[in-house]
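Here is the structure we will look at.
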Amino acid sequence: MLAQAPVGSAAAAQFMDWLISYGVREIISAGTCGALVDIDEGVFLIPTRALRDEGASYHYMAPSRFVEIDRRAISSIRSALFERGISYVETTTWTTDGFYRETKDFVKYRIEEGCQVVEMECASLAAVASFRDVIWGEILFTADTLSDPHNYDQRNWAEDSFAFALELCLDSVINIGKK
């Protein structure tokens, strides 16, 4: 099944809870992210952990700075990318719902904490999956960039990557079933 979740951590978490209530147990998401460091547009990334700077994840798990992504999902995503000969970067992401929080000082601070990209849902979806005991992982691809503190660049919002990312999600879910 393919489904489009709403944007933002709380709405995406609610949507994921709804899917789980209908019996979905293996979920691979795809989404864009902003590059905090010098990463080309359209590069595929596998988040291995997310810095929790949104609110929804705190309703599903005890407070912590980061949430780890399910290793089974990461393995299935790696396999899907490998099978298609796609290079990727494993990354730590900064999840924040408020893109106005992406100030020069915060971007610098998040980079110092090990984050390479920023997005709006990863931490909350990882927390929901952990709480509900389902397999969840995510394929990110870079869209805009905040890597130059003096020049925000929206680039082309990675428009050419969306359809292919969905194919990779389907491949990844199939790989979960093979393991």
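Within each chain, counting starts at residue 1; across the structure tokens, chains are named A, B, ... in the order shown, with ligands numbered 1 upward in that order.
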
| task | Please run DSSP on the backbone and report, as a ChimeraX atom specification, all residues within chain A that come out as strand (DSSP E or B). | result | /A:26-35,44-53,66-68,89-96,115-119,135-145,153

Compile the contact shell of segment 4-16 of chain A as a PDB file with N, CA and C atoms, in the first residue's frame: residues with an atom at most 9 Å away, counting only C-alpha atoms, same-chain residues fewer than 2 positions apart removed.
ATOM      1  N   LEU A   2       0.520   2.214  -0.794  1.00  0.00           N
ATOM      2  CA  LEU A   2       1.172   3.519  -0.760  1.00  0.00           C
ATOM      3  C   LEU A   2       0.203   4.514  -0.164  1.00  0.00           C
ATOM      4  N   TRP A  18      -2.977   5.608  12.840  1.00  0.00           N
ATOM      5  CA  TRP A  18      -4.174   5.161  12.119  1.00  0.00           C
ATOM      6  C   TRP A  18      -3.842   3.948  11.245  1.00  0.00           C
ATOM      7  N   LEU A  19      -2.732   4.016  10.496  1.00  0.00           N
ATOM      8  CA  LEU A  19      -2.323   2.882   9.665  1.00  0.00           C
ATOM      9  C   LEU A  19      -2.087   1.632  10.511  1.00  0.00           C
ATOM     10  N   ILE A  20      -1.424   1.797  11.633  1.00  0.00           N
ATOM     11  CA  ILE A  20      -1.131   0.670  12.518  1.00  0.00           C
ATOM     12  C   ILE A  20      -2.429   0.075  13.065  1.00  0.00           C
ATOM     13  N   SER A  21      -3.396   0.934  13.374  1.00  0.00           N
ATOM     14  CA  SER A  21      -4.679   0.432  13.891  1.00  0.00           C
ATOM     15  C   SER A  21      -5.404  -0.428  12.861  1.00  0.00           C
ATOM     16  N   VAL A  24      -1.242  -2.386   9.650  1.00  0.00           N
ATOM     17  CA  VAL A  24       0.045  -2.204   8.981  1.00  0.00           C
ATOM     18  C   VAL A  24       1.162  -2.402  10.008  1.00  0.00           C
ATOM     19  N   ILE A  27       6.570  -0.387   7.698  1.00  0.00           N
ATOM     20  CA  ILE A  27       6.395   0.904   7.038  1.00  0.00           C
ATOM     21  C   ILE A  27       7.757   1.473   6.673  1.00  0.00           C
ATOM     22  N   SER A  29       9.031   5.019   4.945  1.00  0.00           N
ATOM     23  CA  SER A  29       8.629   6.353   4.492  1.00  0.00           C
ATOM     24  C   SER A  29       9.698   6.928   3.574  1.00  0.00           C
ATOM     25  N   GLU A  54      11.015  18.247  18.221  1.00  0.00           N
ATOM     26  CA  GLU A  54       9.592  18.407  17.915  1.00  0.00           C
ATOM     27  C   GLU A  54       8.849  17.880  19.139  1.00  0.00           C
ATOM     28  N   GLY A  55       7.562  17.889  19.157  1.00  0.00           N
ATOM     29  CA  GLY A  55       6.850  17.513  20.369  1.00  0.00           C
ATOM     30  C   GLY A  55       6.232  16.134  20.380  1.00  0.00           C
ATOM     31  N   ALA A  56       5.865  15.612  19.227  1.00  0.00           N
ATOM     32  CA  ALA A  56       5.086  14.372  19.187  1.00  0.00           C
ATOM     33  C   ALA A  56       5.822  13.169  19.763  1.00  0.00           C
ATOM     34  N   SER A  57       7.118  13.063  19.504  1.00  0.00           N
ATOM     35  CA  SER A  57       7.851  11.878  19.951  1.00  0.00           C
ATOM     36  C   SER A  57       7.833  11.734  21.469  1.00  0.00           C
ATOM     37  N   THR A  95      15.081  16.583  13.557  1.00  0.00           N
ATOM     38  CA  THR A  95      13.649  16.701  13.320  1.00  0.00           C
ATOM     39  C   THR A  95      13.121  17.920  14.061  1.00  0.00           C
ATOM     40  N   THR A  96      12.593  18.865  13.310  1.00  0.00           N
ATOM     41  CA  THR A  96      11.953  20.038  13.893  1.00  0.00           C
ATOM     42  C   THR A  96      10.744  20.410  13.050  1.00  0.00           C
ATOM     43  N   ASP A  97       9.636  20.661  13.701  1.00  0.00           N
ATOM     44  CA  ASP A  97       8.435  21.088  12.983  1.00  0.00           C
ATOM     45  C   ASP A  97       8.489  22.544  12.557  1.00  0.00           C
ATOM     46  N   GLY A  98       9.291  23.318  13.237  1.00  0.00           N
ATOM     47  CA  GLY A  98       9.302  24.757  12.981  1.00  0.00           C
ATOM     48  C   GLY A  98      10.470  25.162  12.110  1.00  0.00           C
ATOM     49  N   GLU A 119      14.614  17.721   8.819  1.00  0.00           N
ATOM     50  CA  GLU A 119      13.305  17.395   8.254  1.00  0.00           C
ATOM     51  C   GLU A 119      12.275  17.527   9.367  1.00  0.00           C
ATOM     52  N   MET A 120      11.033  17.123   9.118  1.00  0.00           N
ATOM     53  CA  MET A 120       9.955  17.439  10.045  1.00  0.00           C
ATOM     54  C   MET A 120       9.240  16.248  10.690  1.00  0.00           C
ATOM     55  N   GLU A 121       9.574  15.005  10.346  1.00  0.00           N
ATOM     56  CA  GLU A 121       8.782  13.881  10.845  1.00  0.00           C
ATOM     57  C   GLU A 121       9.555  12.703  11.426  1.00  0.00           C
ATOM     58  N   CYS A 122      10.801  12.541  11.126  1.00  0.00           N
ATOM     59  CA  CYS A 122      11.539  11.308  11.428  1.00  0.00           C
ATOM     60  C   CYS A 122      11.484  10.905  12.899  1.00  0.00           C
ATOM     61  N   ALA A 123      11.786  11.805  13.808  1.00  0.00           N
ATOM     62  CA  ALA A 123      11.818  11.457  15.236  1.00  0.00           C
ATOM     63  C   ALA A 123      10.462  10.978  15.727  1.00  0.00           C
ATOM     64  N   SER A 124       9.416  11.654  15.315  1.00  0.00           N
ATOM     65  CA  SER A 124       8.087  11.263  15.797  1.00  0.00           C
ATOM     66  C   SER A 124       7.671   9.910  15.222  1.00  0.00           C
ATOM     67  N   LEU A 125       7.957   9.672  13.952  1.00  0.00           N
ATOM     68  CA  LEU A 125       7.577   8.383  13.358  1.00  0.00           C
ATOM     69  C   LEU A 125       8.386   7.232  13.960  1.00  0.00           C
ATOM     70  N   ALA A 127       9.486   7.160  16.999  1.00  0.00           N
ATOM     71  CA  ALA A 127       8.939   6.963  18.347  1.00  0.00           C
ATOM     72  C   ALA A 127       7.623   6.196  18.315  1.00  0.00           C
ATOM     73  N   VAL A 128       6.748   6.545  17.382  1.00  0.00           N
ATOM     74  CA  VAL A 128       5.472   5.824  17.246  1.00  0.00           C
ATOM     75  C   VAL A 128       5.747   4.358  16.937  1.00  0.00           C
ATOM     76  N   ALA A 129       6.640   4.112  15.987  1.00  0.00           N
ATOM     77  CA  ALA A 129       6.945   2.730  15.597  1.00  0.00           C
ATOM     78  C   ALA A 129       7.495   1.930  16.771  1.00  0.00           C
TER      79      ALA A 129
END

| message | Report, in Å with one decimal, the straight-line distance from atom CA of Gln116 of chain A to atom CA of Thr93 of chain A. | response | 6.1 Å

| request: Go ahead and compute the interatomic distance for atom CA of Ala73 of chain A and atom CA of Phe162 of chain A, in Å to one decimal. | output: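 Value for the atom CA of Ala73 of chain A-atom CA of Phe162 of chain A distance: 19.6 Å.
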
| task | Might you pull out every residue within 8 Å of Asn156 of chain A, with only C-alpha atoms counted and same-chain residues fewer than 4 positions away left off, and present them as a list in words? | result |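 That gives Glu41, Ala143 and Asp144 of chain A.
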
| Residue set, segment 1-178 of chain A restricted to helix (DSSP H, G or I), as a PyMOL selection string | chain A and resi 9-21+56-59+71-83+99-101+104-112+122-132+159-178

| query | Contacts of segment 166-174 of chain A at 9 Å or less, counting only C-alpha atoms, minus same-chain residues fewer than 3 places along, as a list in words? | reply | Met1, Leu2, Glu26, Ile27, Ile28, Ser29, Ala30, Ala73, Ile74, Ser75, Ser76, Ile77, Arg78, Ser79, Ala80, Leu81, Arg84, Glu138, Ile139, Ser161, Phe162, Ala163, Gly177 and Lys178 of chain A

| field | Residue among A:Phe99, A:Arg132, A:Tyr152, A:Thr142 lying closest to Asp40 of chain A, counting only C-alpha atoms | value |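 Checking each candidate against Asp40 of chain A, we get A:Thr142 as the closest.
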